[in-house]
$ cat upload_33.cif   # mmCIF, C-alpha atoms and all ligand atoms
data_model
#
loop_
_atom_site.group_PDB
_atom_site.id
_atom_site.type_symbol
_atom_site.label_atom_id
_atom_site.label_comp_id
_atom_site.auth_asym_id
_atom_site.auth_seq_id
_atom_site.Cartn_x
_atom_site.Cartn_y
_atom_site.Cartn_z
ATOM 1 C CA MET A 1 16.966 -4.437 20.345
ATOM 2 C CA PRO A 2 14.706 -3.641 17.342
ATOM 3 C CA ARG A 3 11.927 -1.150 18.123
ATOM 4 C CA PRO A 4 8.549 -2.943 18.375
ATOM 5 C CA THR A 5 6.189 -2.115 15.497
ATOM 6 C CA PRO A 6 2.400 -2.542 15.348
ATOM 7 C CA THR A 7 0.626 -5.745 14.366
ATOM 8 C CA ILE A 8 -1.665 -5.246 11.379
ATOM 9 C CA ASP A 9 -3.253 -8.715 10.991
ATOM 10 C CA ALA A 10 -6.705 -7.126 11.331
ATOM 11 C CA LEU A 11 -6.299 -5.488 7.926
ATOM 12 C CA PHE A 12 -6.769 -8.778 6.043
ATOM 13 C CA PRO A 13 -8.317 -12.247 6.302
ATOM 14 C CA ASP A 14 -6.032 -14.698 8.118
ATOM 15 C CA TRP A 15 -4.707 -16.301 4.914
ATOM 16 C CA VAL A 16 -2.892 -13.053 4.084
ATOM 17 C CA LEU A 17 0.546 -12.848 5.749
ATOM 18 C CA THR A 18 1.573 -9.385 6.912
ATOM 19 C CA VAL A 19 4.555 -7.800 8.604
ATOM 20 C CA THR A 20 5.580 -4.367 9.831
ATOM 21 C CA SER A 21 9.169 -3.396 10.506
ATOM 22 C CA THR A 22 11.451 -0.463 11.067
ATOM 23 C CA ILE A 23 13.699 0.413 8.122
ATOM 24 C CA ASP A 24 16.543 -1.831 9.209
ATOM 25 C CA ALA A 25 17.964 -3.492 6.085
ATOM 26 C CA THR A 26 20.781 -2.296 3.815
ATOM 27 C CA PRO A 27 21.663 -2.875 0.145
ATOM 28 C CA ASP A 28 23.953 -5.719 1.300
ATOM 29 C CA ASP A 29 20.788 -7.666 2.148
ATOM 30 C CA LEU A 30 19.515 -7.549 -1.454
ATOM 31 C CA LEU A 31 19.768 -10.356 -4.005
ATOM 32 C CA PRO A 32 21.616 -9.356 -7.222
ATOM 33 C CA GLN A 33 18.411 -9.138 -9.316
ATOM 34 C CA GLU A 34 16.819 -6.918 -6.641
ATOM 35 C CA LEU A 35 19.855 -4.668 -6.230
ATOM 36 C CA LEU A 36 19.852 -3.802 -9.951
ATOM 37 C CA SER A 37 16.935 -1.380 -9.665
ATOM 38 C CA VAL A 38 18.319 0.652 -6.746
ATOM 39 C CA ALA A 39 22.063 0.390 -7.393
ATOM 40 C CA ARG A 40 22.254 4.124 -8.148
ATOM 41 C CA ALA A 41 19.592 5.318 -5.673
ATOM 42 C CA VAL A 42 20.421 7.335 -2.555
ATOM 43 C CA ARG A 43 21.198 5.295 0.552
ATOM 44 C CA LYS A 44 17.875 6.104 2.271
ATOM 45 C CA ARG A 45 15.899 4.760 -0.702
ATOM 46 C CA GLN A 46 18.143 1.682 -0.896
ATOM 47 C CA CYS A 47 17.467 0.916 2.771
ATOM 48 C CA GLU A 48 13.668 1.356 2.419
ATOM 49 C CA PHE A 49 13.667 -0.854 -0.653
ATOM 50 C CA ALA A 50 15.916 -3.461 0.975
ATOM 51 C CA THR A 51 13.709 -3.622 4.074
ATOM 52 C CA GLY A 52 10.669 -4.298 1.880
ATOM 53 C CA ARG A 53 12.517 -7.062 0.026
ATOM 54 C CA VAL A 54 13.932 -8.722 3.150
ATOM 55 C CA ARG A 55 10.502 -8.738 4.844
ATOM 56 C CA ALA A 56 8.744 -9.875 1.663
ATOM 57 C CA ARG A 57 11.155 -12.780 1.252
ATOM 58 C CA ALA A 58 10.609 -13.851 4.872
ATOM 59 C CA LEU A 59 6.831 -13.939 4.253
ATOM 60 C CA LEU A 60 7.328 -15.800 0.962
ATOM 61 C CA ALA A 61 9.378 -18.437 2.787
ATOM 62 C CA ARG A 62 6.418 -18.941 5.151
ATOM 63 C CA LEU A 63 4.147 -19.377 2.099
ATOM 64 C CA GLY A 64 6.475 -22.072 0.728
ATOM 65 C CA PHE A 65 8.758 -20.009 -1.552
ATOM 66 C CA PRO A 66 12.053 -20.007 0.395
ATOM 67 C CA ASP A 67 14.329 -19.014 -2.500
ATOM 68 C CA ALA A 68 12.220 -16.383 -4.222
ATOM 69 C CA ALA A 69 13.578 -12.972 -5.132
ATOM 70 C CA VAL A 70 11.261 -9.981 -5.571
ATOM 71 C CA PRO A 71 12.718 -7.916 -8.419
ATOM 72 C CA VAL A 72 11.188 -4.736 -9.818
ATOM 73 C CA GLY A 73 9.121 -4.733 -13.008
ATOM 74 C CA PRO A 74 9.536 -2.168 -15.811
ATOM 75 C CA ASP A 75 6.583 -0.261 -14.297
ATOM 76 C CA ARG A 76 8.277 -0.161 -10.840
ATOM 77 C CA SER A 77 5.812 -2.642 -9.332
ATOM 78 C CA PRO A 78 7.205 -5.639 -7.414
ATOM 79 C CA VAL A 79 7.407 -8.918 -9.365
ATOM 80 C CA TRP A 80 6.069 -11.689 -7.146
ATOM 81 C CA PRO A 81 6.757 -15.386 -7.732
ATOM 82 C CA GLU A 82 4.214 -17.215 -9.895
ATOM 83 C CA GLY A 83 1.107 -17.979 -7.817
ATOM 84 C CA VAL A 84 1.664 -15.175 -5.275
ATOM 85 C CA VAL A 85 0.127 -11.721 -4.870
ATOM 86 C CA GLY A 86 1.571 -9.078 -2.588
ATOM 87 C CA SER A 87 2.131 -5.435 -1.827
ATOM 88 C CA ILE A 88 4.734 -3.226 -0.130
ATOM 89 C CA SER A 89 4.618 0.261 1.397
ATOM 90 C CA HIS A 90 6.998 2.362 3.461
ATOM 91 C CA THR A 91 7.261 5.677 5.252
ATOM 92 C CA SER A 92 10.598 7.130 6.318
ATOM 93 C CA ASP A 93 10.575 4.920 9.418
ATOM 94 C CA LEU A 94 8.214 1.993 8.822
ATOM 95 C CA CYS A 95 7.825 -0.718 6.192
ATOM 96 C CA VAL A 96 4.759 -2.943 5.681
ATOM 97 C CA VAL A 97 4.349 -5.992 3.458
ATOM 98 C CA ALA A 98 1.408 -8.311 2.717
ATOM 99 C CA VAL A 99 1.467 -11.510 0.646
ATOM 100 C CA ALA A 100 -1.008 -14.298 -0.159
ATOM 101 C CA ARG A 101 -1.483 -17.190 -2.543
ATOM 102 C CA GLN A 102 -3.113 -16.093 -5.768
ATOM 103 C CA SER A 103 -5.558 -18.989 -5.400
ATOM 104 C CA GLN A 104 -7.068 -17.042 -2.454
ATOM 105 C CA THR A 105 -7.368 -13.616 -4.090
ATOM 106 C CA GLY A 106 -6.556 -12.118 -7.465
ATOM 107 C CA SER A 107 -4.736 -9.115 -6.013
ATOM 108 C CA LEU A 108 -4.147 -7.062 -2.880
ATOM 109 C CA GLY A 109 -2.757 -3.690 -1.866
ATOM 110 C CA ILE A 110 -1.332 -2.234 1.324
ATOM 111 C CA ASP A 111 -0.320 1.266 2.379
ATOM 112 C CA VAL A 112 1.043 3.043 5.435
ATOM 113 C CA GLU A 113 1.024 6.775 6.047
ATOM 114 C CA PRO A 114 2.226 8.843 8.984
ATOM 115 C CA GLU A 115 -0.632 10.223 11.059
ATOM 116 C CA GLY A 116 -1.193 13.932 10.696
ATOM 117 C CA PRO A 117 -2.985 16.425 8.475
ATOM 118 C CA LEU A 118 -2.441 16.892 4.746
ATOM 119 C CA ASP A 119 -1.968 20.376 3.324
ATOM 120 C CA ASP A 120 -4.826 21.934 1.335
ATOM 121 C CA GLU A 121 -3.056 21.609 -2.005
ATOM 122 C CA THR A 122 -2.511 17.866 -1.544
ATOM 123 C CA LEU A 123 -6.079 17.439 -0.334
ATOM 124 C CA SER A 124 -7.579 19.107 -3.367
ATOM 125 C CA GLY A 125 -5.352 16.956 -5.592
ATOM 126 C CA ILE A 126 -6.555 13.673 -4.137
ATOM 127 C CA CYS A 127 -10.204 14.309 -3.170
ATOM 128 C CA THR A 128 -13.335 14.584 -5.279
ATOM 129 C CA ALA A 129 -15.675 17.502 -4.509
ATOM 130 C CA ARG A 130 -17.916 15.141 -2.530
ATOM 131 C CA GLU A 131 -14.989 13.873 -0.449
ATOM 132 C CA LEU A 132 -13.811 17.431 0.241
ATOM 133 C CA GLU A 133 -17.319 18.315 1.365
ATOM 134 C CA GLY A 134 -17.385 15.315 3.722
ATOM 135 C CA LEU A 135 -14.010 16.264 5.219
ATOM 136 C CA GLY A 136 -15.218 19.854 5.626
ATOM 137 C CA ARG A 137 -18.054 18.666 7.873
ATOM 138 C CA LEU A 138 -15.607 17.091 10.347
ATOM 139 C CA SER A 139 -14.061 18.817 13.337
ATOM 140 C CA GLU A 140 -10.516 20.036 12.769
ATOM 141 C CA ALA A 141 -9.243 17.298 15.067
ATOM 142 C CA GLY A 142 -10.974 14.530 13.056
ATOM 143 C CA ARG A 143 -10.183 15.936 9.632
ATOM 144 C CA GLY A 144 -6.445 15.182 9.637
ATOM 145 C CA LEU A 145 -6.881 11.489 10.365
ATOM 146 C CA ALA A 146 -9.802 11.183 7.929
ATOM 147 C CA ALA A 147 -7.765 12.808 5.159
ATOM 148 C CA ARG A 148 -4.759 10.519 5.723
ATOM 149 C CA ARG A 149 -7.077 7.520 5.788
ATOM 150 C CA LEU A 150 -8.610 8.575 2.478
ATOM 151 C CA PHE A 151 -5.215 9.139 0.851
ATOM 152 C CA SER A 152 -3.899 5.815 2.104
ATOM 153 C CA ALA A 153 -7.033 3.930 0.982
ATOM 154 C CA LYS A 154 -6.631 5.301 -2.552
ATOM 155 C CA GLU A 155 -2.980 4.211 -2.657
ATOM 156 C CA SER A 156 -3.914 0.705 -1.481
ATOM 157 C CA VAL A 157 -6.668 0.563 -4.094
ATOM 158 C CA PHE A 158 -4.204 1.670 -6.770
ATOM 159 C CA LYS A 159 -1.704 -1.037 -5.812
ATOM 160 C CA CYS A 160 -4.472 -3.669 -5.752
ATOM 161 C CA GLN A 161 -5.954 -2.757 -9.125
ATOM 162 C CA TYR A 162 -2.708 -2.195 -11.053
ATOM 163 C CA PRO A 163 -1.592 -5.843 -11.408
ATOM 164 C CA VAL A 164 -4.998 -6.834 -12.827
ATOM 165 C CA THR A 165 -5.815 -3.803 -15.004
ATOM 166 C CA GLY A 166 -2.445 -2.180 -15.773
ATOM 167 C CA ALA A 167 -4.396 1.097 -15.516
ATOM 168 C CA MET A 168 -3.247 4.352 -13.893
ATOM 169 C CA PRO A 169 -6.440 5.898 -12.470
ATOM 170 C CA ASP A 170 -5.965 9.300 -10.879
ATOM 171 C CA PHE A 171 -6.913 9.944 -7.247
ATOM 172 C CA ARG A 172 -10.026 11.837 -8.335
ATOM 173 C CA ASP A 173 -11.250 8.986 -10.565
ATOM 174 C CA VAL A 174 -12.068 6.991 -7.447
ATOM 175 C CA GLU A 175 -14.089 7.705 -4.297
ATOM 176 C CA ILE A 176 -13.708 5.828 -1.049
ATOM 177 C CA GLU A 177 -16.841 5.056 0.919
ATOM 178 C CA PHE A 178 -16.031 4.282 4.538
ATOM 179 C CA ASP A 179 -18.484 2.226 6.581
ATOM 180 C CA ARG A 180 -19.081 4.327 9.696
ATOM 181 C CA ALA A 181 -19.819 1.280 11.846
ATOM 182 C CA SER A 182 -16.667 -0.685 11.029
ATOM 183 C CA ASP A 183 -13.129 -0.408 9.743
ATOM 184 C CA ALA A 184 -14.191 -1.274 6.177
ATOM 185 C CA PHE A 185 -14.399 0.710 2.944
ATOM 186 C CA GLU A 186 -15.335 0.294 -0.695
ATOM 187 C CA ALA A 187 -13.751 1.920 -3.744
ATOM 188 C CA ILE A 188 -16.180 3.458 -6.213
ATOM 189 C CA SER A 189 -15.129 4.680 -9.661
ATOM 190 C CA VAL A 190 -16.633 8.090 -10.389
ATOM 191 C CA THR A 191 -15.210 8.947 -13.834
ATOM 192 C CA ALA A 192 -14.862 7.203 -17.172
ATOM 193 C CA ALA A 193 -11.120 6.853 -16.486
ATOM 194 C CA GLY A 194 -11.930 5.080 -13.228
ATOM 195 C CA ALA A 195 -14.318 2.661 -14.924
ATOM 196 C CA CYS A 196 -11.447 0.166 -15.316
ATOM 197 C CA LEU A 197 -11.584 -0.419 -11.565
ATOM 198 C CA PRO A 198 -12.617 -3.952 -10.534
ATOM 199 C CA PRO A 199 -14.774 -4.237 -7.371
ATOM 200 C CA ILE A 200 -12.365 -3.520 -4.501
ATOM 201 C CA CYS A 201 -12.962 -3.313 -0.768
ATOM 202 C CA GLY A 202 -10.573 -2.595 2.064
ATOM 203 C CA ARG A 203 -9.984 -1.989 5.741
ATOM 204 C CA TRP A 204 -8.122 0.613 7.747
ATOM 205 C CA LEU A 205 -6.328 0.774 11.090
ATOM 206 C CA ASN A 206 -4.815 3.578 13.167
ATOM 207 C CA ARG A 207 -1.934 2.266 15.300
ATOM 208 C CA ASP A 208 0.716 4.283 17.099
ATOM 209 C CA ALA A 209 1.607 7.172 14.802
ATOM 210 C CA TRP A 210 0.518 5.504 11.558
ATOM 211 C CA VAL A 211 -2.541 4.970 9.407
ATOM 212 C CA PHE A 212 -2.664 1.610 7.607
ATOM 213 C CA THR A 213 -5.018 0.525 4.835
ATOM 214 C CA SER A 214 -5.536 -2.652 2.844
ATOM 215 C CA ALA A 215 -7.380 -3.351 -0.390
ATOM 216 C CA MET A 216 -8.511 -6.603 -1.974
ATOM 217 C CA LEU A 217 -10.537 -7.650 -4.989
ATOM 218 C CA ARG A 218 -14.099 -8.285 -3.860
HETATM 219 C C1 LIG B 1 2.719 3.570 -6.881
HETATM 220 C C2 LIG B 1 2.220 4.417 -5.715
HETATM 221 C C3 LIG B 1 0.833 3.911 -5.295
HETATM 222 C C4 LIG B 1 3.229 4.222 -4.565
HETATM 223 O O1 LIG B 1 2.835 4.906 -3.413
HETATM 224 P P1 LIG B 1 3.860 5.787 -2.520
HETATM 225 O O2 LIG B 1 3.087 6.459 -1.460
HETATM 226 O O3 LIG B 1 4.683 6.608 -3.430
HETATM 227 O O4 LIG B 1 4.829 4.790 -1.845
HETATM 228 P P2 LIG B 1 4.588 3.496 -0.925
HETATM 229 O O5 LIG B 1 5.758 3.402 -0.063
HETATM 230 O O6 LIG B 1 3.242 3.442 -0.282
HETATM 231 O O7 LIG B 1 4.623 2.342 -2.002
HETATM 232 C C5 LIG B 1 5.777 2.111 -2.731
HETATM 233 C C6 LIG B 1 5.716 0.690 -3.222
HETATM 234 O O8 LIG B 1 4.610 0.544 -4.105
HETATM 235 C C7 LIG B 1 4.918 -0.558 -4.960
HETATM 236 N N1 LIG B 1 4.541 -0.167 -6.300
HETATM 237 C C8 LIG B 1 5.137 0.723 -7.113
HETATM 238 N N2 LIG B 1 4.462 0.808 -8.275
HETATM 239 C C9 LIG B 1 3.425 -0.047 -8.182
HETATM 240 C C10 LIG B 1 2.377 -0.418 -9.062
HETATM 241 N N3 LIG B 1 2.266 0.119 -10.288
HETATM 242 N N4 LIG B 1 1.484 -1.347 -8.655
HETATM 243 C C11 LIG B 1 1.580 -1.899 -7.429
HETATM 244 N N5 LIG B 1 2.561 -1.597 -6.544
HETATM 245 C C12 LIG B 1 3.470 -0.684 -6.930
HETATM 246 C C13 LIG B 1 6.405 -0.866 -4.824
HETATM 247 O O9 LIG B 1 6.535 -2.052 -4.087
HETATM 248 C C14 LIG B 1 6.914 0.322 -4.034
HETATM 249 O O10 LIG B 1 7.947 0.025 -3.124
HETATM 250 P P3 LIG B 1 9.393 -0.445 -3.628
HETATM 251 O O11 LIG B 1 9.723 0.450 -4.798
HETATM 252 O O12 LIG B 1 10.293 -0.255 -2.468
HETATM 253 O O13 LIG B 1 9.198 -1.860 -4.058
HETATM 254 C C15 LIG B 1 2.112 5.926 -6.039
HETATM 255 O O14 LIG B 1 3.385 6.476 -6.171
HETATM 256 C C16 LIG B 1 1.367 6.197 -7.340
HETATM 257 O O15 LIG B 1 1.982 6.287 -8.388
HETATM 258 N N6 LIG B 1 0.043 6.334 -7.298
HETATM 259 C C17 LIG B 1 -0.720 6.540 -8.531
HETATM 260 C C18 LIG B 1 -2.009 7.312 -8.343
HETATM 261 C C19 LIG B 1 -2.926 6.732 -7.327
HETATM 262 O O16 LIG B 1 -2.533 6.292 -6.268
HETATM 263 N N7 LIG B 1 -4.240 6.777 -7.628
HETATM 264 C C20 LIG B 1 -5.228 6.366 -6.663
HETATM 265 C C21 LIG B 1 -6.540 6.104 -7.339
HETATM 266 S S1 LIG B 1 -6.817 4.389 -7.560
#

$ encode --input "upload_33.cif" --output "structure tokens" --more "lines below"
Ligand SMILES: CC(C)(COP(=O)(O)OP(=O)(O)OC[C@H]1O[C@@H](n2cnc3c(N)ncnc32)[C@H](O)[C@@H]1OP(=O)(O)O)[C@@H](O)C(=O)NCCC(=O)NCCS
Amino acid sequence: MPRPTPTIDALFPDWVLTVTSTIDATPDDLLPQELLSVARAVRKRQCEFATGRVRARALLARLGFPDAAVPVGPDRSPVWPEGVVGSISHTSDLCVVAVARQSQTGSLGIDVEPEGPLDDETLSGICTARELEGLGRLSEAGRGLAARRLFSAKESVFKCQYPVTGAMPDFRDVEIEFDRASDAFEAISVTAAGACLPPICGRWLNRDAWVFTSAMLR
């Protein structure tokens, strides 16, 4: 029996299809054009990648693209069928995928992170001074979750912006402003390098032992 995984529909409007799954696929499940990019990877990476592809293809079939493959572009981003936007993320034990018709939104991003604190070195690499200050005001218990949420939100924002800008903003080019009263956030560019960022908003969820975030063009 596959282990049940959380439902993450609340991350997106209902026209975005999402799925979560354990890492349960193998390279044998890949289509030839998908296998190419991980043929020489270690088995663990092949299984993570394959799970993302198998789940993505199942969602694409529901959108009306039953025969679509999802190969990897030269920049390592997934290549979705014409007219589709999507995003993939995995931890060592969970995979998440979101897809939608491009007529509904120009781009989207998704990310999953294991719950739990980040070390100080990672934190200072991903946070602006203002964000570090905000985290410093939290209790130790709240800080770990808030830091993971921030990290995950920036990864979702990156995945959402990349297909439309082709830019590689650094973590500290962007600040995330969480709405205290809801599960929503906005991405704000805070440096010249971040100025490429289109208006992006997102949501977050904490389910079981994971933090999930989404990002969409506003
Ligand atoms: C690309 C990146 C976001 C991936 O995040 P990660 O935590 O390493 O891994 P995740 O499991 O969450 O995501 C991996 C998936 O991202 C997707 N991905 C990779 N490059 C991508 C890109 N340029 N654009 C969109 N999606 C991309 C792929 O689907 C990949 O999975 P796959 O190789 O199995 O297909 C991250 O490695 C990165 O390079 N970040 C750049 C800096 C950044 O995030 N800045 C934030 C400020 S906006």

$ resolve_selection --input "upload_33.cif" --expression "the PyMOL selection byres (((not hetatm)) within 7 of (chain B and resi 1))" --output "PyMOL selection string"
chain A and resi 48-49+52+72+75-78+87-91+111-112+154-160+162-163+168-174

$ closest_residue --input "upload_33.cif" --among "A:Gly134, A:Pro81, A:Pro32, A:Gly166" --to "Ala56 (chain A)" --atoms "all atoms listed in the file"
A:Pro81

$ residues_around --input "upload_33.cif" --residues "region 114-119 of chain A" --least-positions-apart "3" --cutoff "12 Å" --atoms "all atoms listed in the file" --output "MDAnalysis selection string"
chainID A and resid 89:95 111 122:127 135 140:152 205:213

$ resolve_selection --input "upload_33.cif" --expression "the PyMOL selection byres (((chain A and resi 6) around 7) and not hetatm)" --output "list in words"
Pro4, Thr5, Thr7, Ile8, Thr20 and Arg207 of chain A

$ residues_around --input "upload_33.cif" --residues "Arg101 (chain A)" --least-positions-apart "2" --cutoff "6 Å" --atoms "all atoms listed in the file" --output "PyMOL selection string"
chain A and resi 83-84+103-104

$ write_last_selection --input "upload_33.cif" --atoms "C-alpha atoms" --output "compact mmCIF listing (two decimals), in the frame of the given file"
# COMPACT_ATOMS: atom_id res chain seq x y z
CA GLY A 83 1.11 -17.98 -7.82
CA VAL A 84 1.66 -15.18 -5.28
CA SER A 103 -5.56 -18.99 -5.40
CA GLN A 104 -7.07 -17.04 -2.45

$ resolve_selection --input "upload_33.cif" --expression "the PyMOL selection byres (((chain A and resi 178-180) around 12) and not hetatm)" --output "ChimeraX atom specification"
/A:131,134,146-147,149-150,153-154,175-177,181-188,201-204,213

$ closest_residue --input "upload_33.cif" --among "A:Val19, A:Ile200, A:Ala39, A:Ala167" --to "Val96 (chain A)" --atoms "only C-alpha atoms"
A:Val19

$ atom_distance --input "upload_33.cif" --atom1 "CA of Ser37 (chain A)" --atom2 "CA of Pro71 (chain A)"
7.9 Å

$ atom_distance --input "upload_33.cif" --atom1 "CA of Ser189 (chain A)" --atom2 "CA of Glu82 (chain A)"
29.2 Å

$ residues_around --input "upload_33.cif" --residues "Phe65 (chain A)" --least-positions-apart "2" --cutoff "12 Å" --atoms "all atoms listed in the file" --output "PyMOL selection string"
chain A and resi 56-63+67-70+80-84+99-101

$ atom_distance --input "upload_33.cif" --atom1 "CA of Leu36 (chain A)" --atom2 "CA of Gly86 (chain A)"
20.4 Å

$ residues_around --input "upload_33.cif" --residues "Gln161 (chain A)" --least-positions-apart "6" --cutoff "9 Å" --atoms "all atoms listed in the file" --output "PyMOL selection string"
chain A and resi 107-109+167-168+196-198+200+215-217

$ axis_aligned_box --input "upload_33.cif" --around "region 99-117 of chain A" --padding-each-side "6 Å" --output "AutoDock Vina command-line options"
--center_x -2.6 --center_y -1.3 --center_z 1.8 --size_x 21.6 --size_y 47.4 --size_z 30.5

$ closest_residue --input "upload_33.cif" --among "A:Ala193, A:Val54, A:Val97, A:Val164" --to "Asp24 (chain A)" --atoms "all atoms listed in the file"
A:Val54

$ closest_residue --input "upload_33.cif" --among "A:Ile23, A:Thr18, A:Leu31, A:Pro66" --to "Cys47 (chain A)" --atoms "only C-alpha atoms"
A:Ile23

$ build_atoms --input "upload_33.cif" --residues "region 197-218 of chain A" --atoms "N, CA and C atoms" --output "PDB file, in the frame of the given file"
ATOM      1  N   LEU A 197     -11.787   0.125 -12.915  1.00  0.00           N
ATOM      2  CA  LEU A 197     -11.584  -0.419 -11.565  1.00  0.00           C
ATOM      3  C   LEU A 197     -12.433  -1.673 -11.324  1.00  0.00           C
ATOM      4  N   PRO A 198     -11.814  -2.794 -10.926  1.00  0.00           N
ATOM      5  CA  PRO A 198     -12.617  -3.952 -10.534  1.00  0.00           C
ATOM      6  C   PRO A 198     -13.231  -3.668  -9.159  1.00  0.00           C
ATOM      7  N   PRO A 199     -14.220  -4.461  -8.710  1.00  0.00           N
ATOM      8  CA  PRO A 199     -14.774  -4.237  -7.371  1.00  0.00           C
ATOM      9  C   PRO A 199     -13.693  -4.461  -6.301  1.00  0.00           C
ATOM     10  N   ILE A 200     -13.437  -3.446  -5.517  1.00  0.00           N
ATOM     11  CA  ILE A 200     -12.365  -3.520  -4.501  1.00  0.00           C
ATOM     12  C   ILE A 200     -12.908  -3.033  -3.159  1.00  0.00           C
ATOM     13  N   CYS A 201     -12.602  -3.779  -2.109  1.00  0.00           N
ATOM     14  CA  CYS A 201     -12.962  -3.313  -0.768  1.00  0.00           C
ATOM     15  C   CYS A 201     -11.697  -3.318   0.085  1.00  0.00           C
ATOM     16  N   GLY A 202     -11.771  -2.672   1.233  1.00  0.00           N
ATOM     17  CA  GLY A 202     -10.573  -2.595   2.064  1.00  0.00           C
ATOM     18  C   GLY A 202     -10.894  -2.365   3.523  1.00  0.00           C
ATOM     19  N   ARG A 203      -9.852  -2.277   4.304  1.00  0.00           N
ATOM     20  CA  ARG A 203      -9.984  -1.989   5.741  1.00  0.00           C
ATOM     21  C   ARG A 203      -8.922  -0.960   6.118  1.00  0.00           C
ATOM     22  N   TRP A 204      -9.127  -0.341   7.277  1.00  0.00           N
ATOM     23  CA  TRP A 204      -8.122   0.613   7.747  1.00  0.00           C
ATOM     24  C   TRP A 204      -7.877   0.414   9.235  1.00  0.00           C
ATOM     25  N   LEU A 205      -6.748   0.883   9.683  1.00  0.00           N
ATOM     26  CA  LEU A 205      -6.328   0.774  11.090  1.00  0.00           C
ATOM     27  C   LEU A 205      -5.523   2.011  11.449  1.00  0.00           C
ATOM     28  N   ASN A 206      -5.654   2.478  12.668  1.00  0.00           N
ATOM     29  CA  ASN A 206      -4.815   3.578  13.167  1.00  0.00           C
ATOM     30  C   ASN A 206      -4.054   3.037  14.376  1.00  0.00           C
ATOM     31  N   ARG A 207      -2.742   2.823  14.212  1.00  0.00           N
ATOM     32  CA  ARG A 207      -1.934   2.266  15.300  1.00  0.00           C
ATOM     33  C   ARG A 207      -0.707   3.156  15.499  1.00  0.00           C
ATOM     34  N   ASP A 208      -0.423   3.429  16.766  1.00  0.00           N
ATOM     35  CA  ASP A 208       0.716   4.283  17.099  1.00  0.00           C
ATOM     36  C   ASP A 208       0.618   5.563  16.268  1.00  0.00           C
ATOM     37  N   ALA A 209       1.649   5.902  15.532  1.00  0.00           N
ATOM     38  CA  ALA A 209       1.607   7.172  14.802  1.00  0.00           C
ATOM     39  C   ALA A 209       1.334   6.959  13.312  1.00  0.00           C
ATOM     40  N   TRP A 210       0.701   5.823  12.976  1.00  0.00           N
ATOM     41  CA  TRP A 210       0.518   5.504  11.558  1.00  0.00           C
ATOM     42  C   TRP A 210      -0.929   5.156  11.214  1.00  0.00           C
ATOM     43  N   VAL A 211      -1.267   5.424   9.965  1.00  0.00           N
ATOM     44  CA  VAL A 211      -2.541   4.970   9.407  1.00  0.00           C
ATOM     45  C   VAL A 211      -2.218   3.874   8.387  1.00  0.00           C
ATOM     46  N   PHE A 212      -2.883   2.732   8.520  1.00  0.00           N
ATOM     47  CA  PHE A 212      -2.664   1.610   7.607  1.00  0.00           C
ATOM     48  C   PHE A 212      -3.957   1.326   6.854  1.00  0.00           C
ATOM     49  N   THR A 213      -3.841   0.996   5.570  1.00  0.00           N
ATOM     50  CA  THR A 213      -5.018   0.525   4.835  1.00  0.00           C
ATOM     51  C   THR A 213      -4.655  -0.705   4.013  1.00  0.00           C
ATOM     52  N   SER A 214      -5.691  -1.488   3.715  1.00  0.00           N
ATOM     53  CA  SER A 214      -5.536  -2.652   2.844  1.00  0.00           C
ATOM     54  C   SER A 214      -6.593  -2.577   1.769  1.00  0.00           C
ATOM     55  N   ALA A 215      -6.355  -3.251   0.653  1.00  0.00           N
ATOM     56  CA  ALA A 215      -7.380  -3.351  -0.390  1.00  0.00           C
ATOM     57  C   ALA A 215      -7.306  -4.746  -1.004  1.00  0.00           C
ATOM     58  N   MET A 216      -8.467  -5.286  -1.330  1.00  0.00           N
ATOM     59  CA  MET A 216      -8.511  -6.603  -1.974  1.00  0.00           C
ATOM     60  C   MET A 216      -9.622  -6.628  -3.006  1.00  0.00           C
ATOM     61  N   LEU A 217      -9.454  -7.468  -4.029  1.00  0.00           N
ATOM     62  CA  LEU A 217     -10.537  -7.650  -4.989  1.00  0.00           C
ATOM     63  C   LEU A 217     -11.719  -8.259  -4.241  1.00  0.00           C
ATOM     64  N   ARG A 218     -12.917  -7.752  -4.531  1.00  0.00           N
ATOM     65  CA  ARG A 218     -14.099  -8.285  -3.860  1.00  0.00           C
ATOM     66  C   ARG A 218     -14.567  -9.578  -4.495  1.00  0.00           C
TER      67      ARG A 218
END
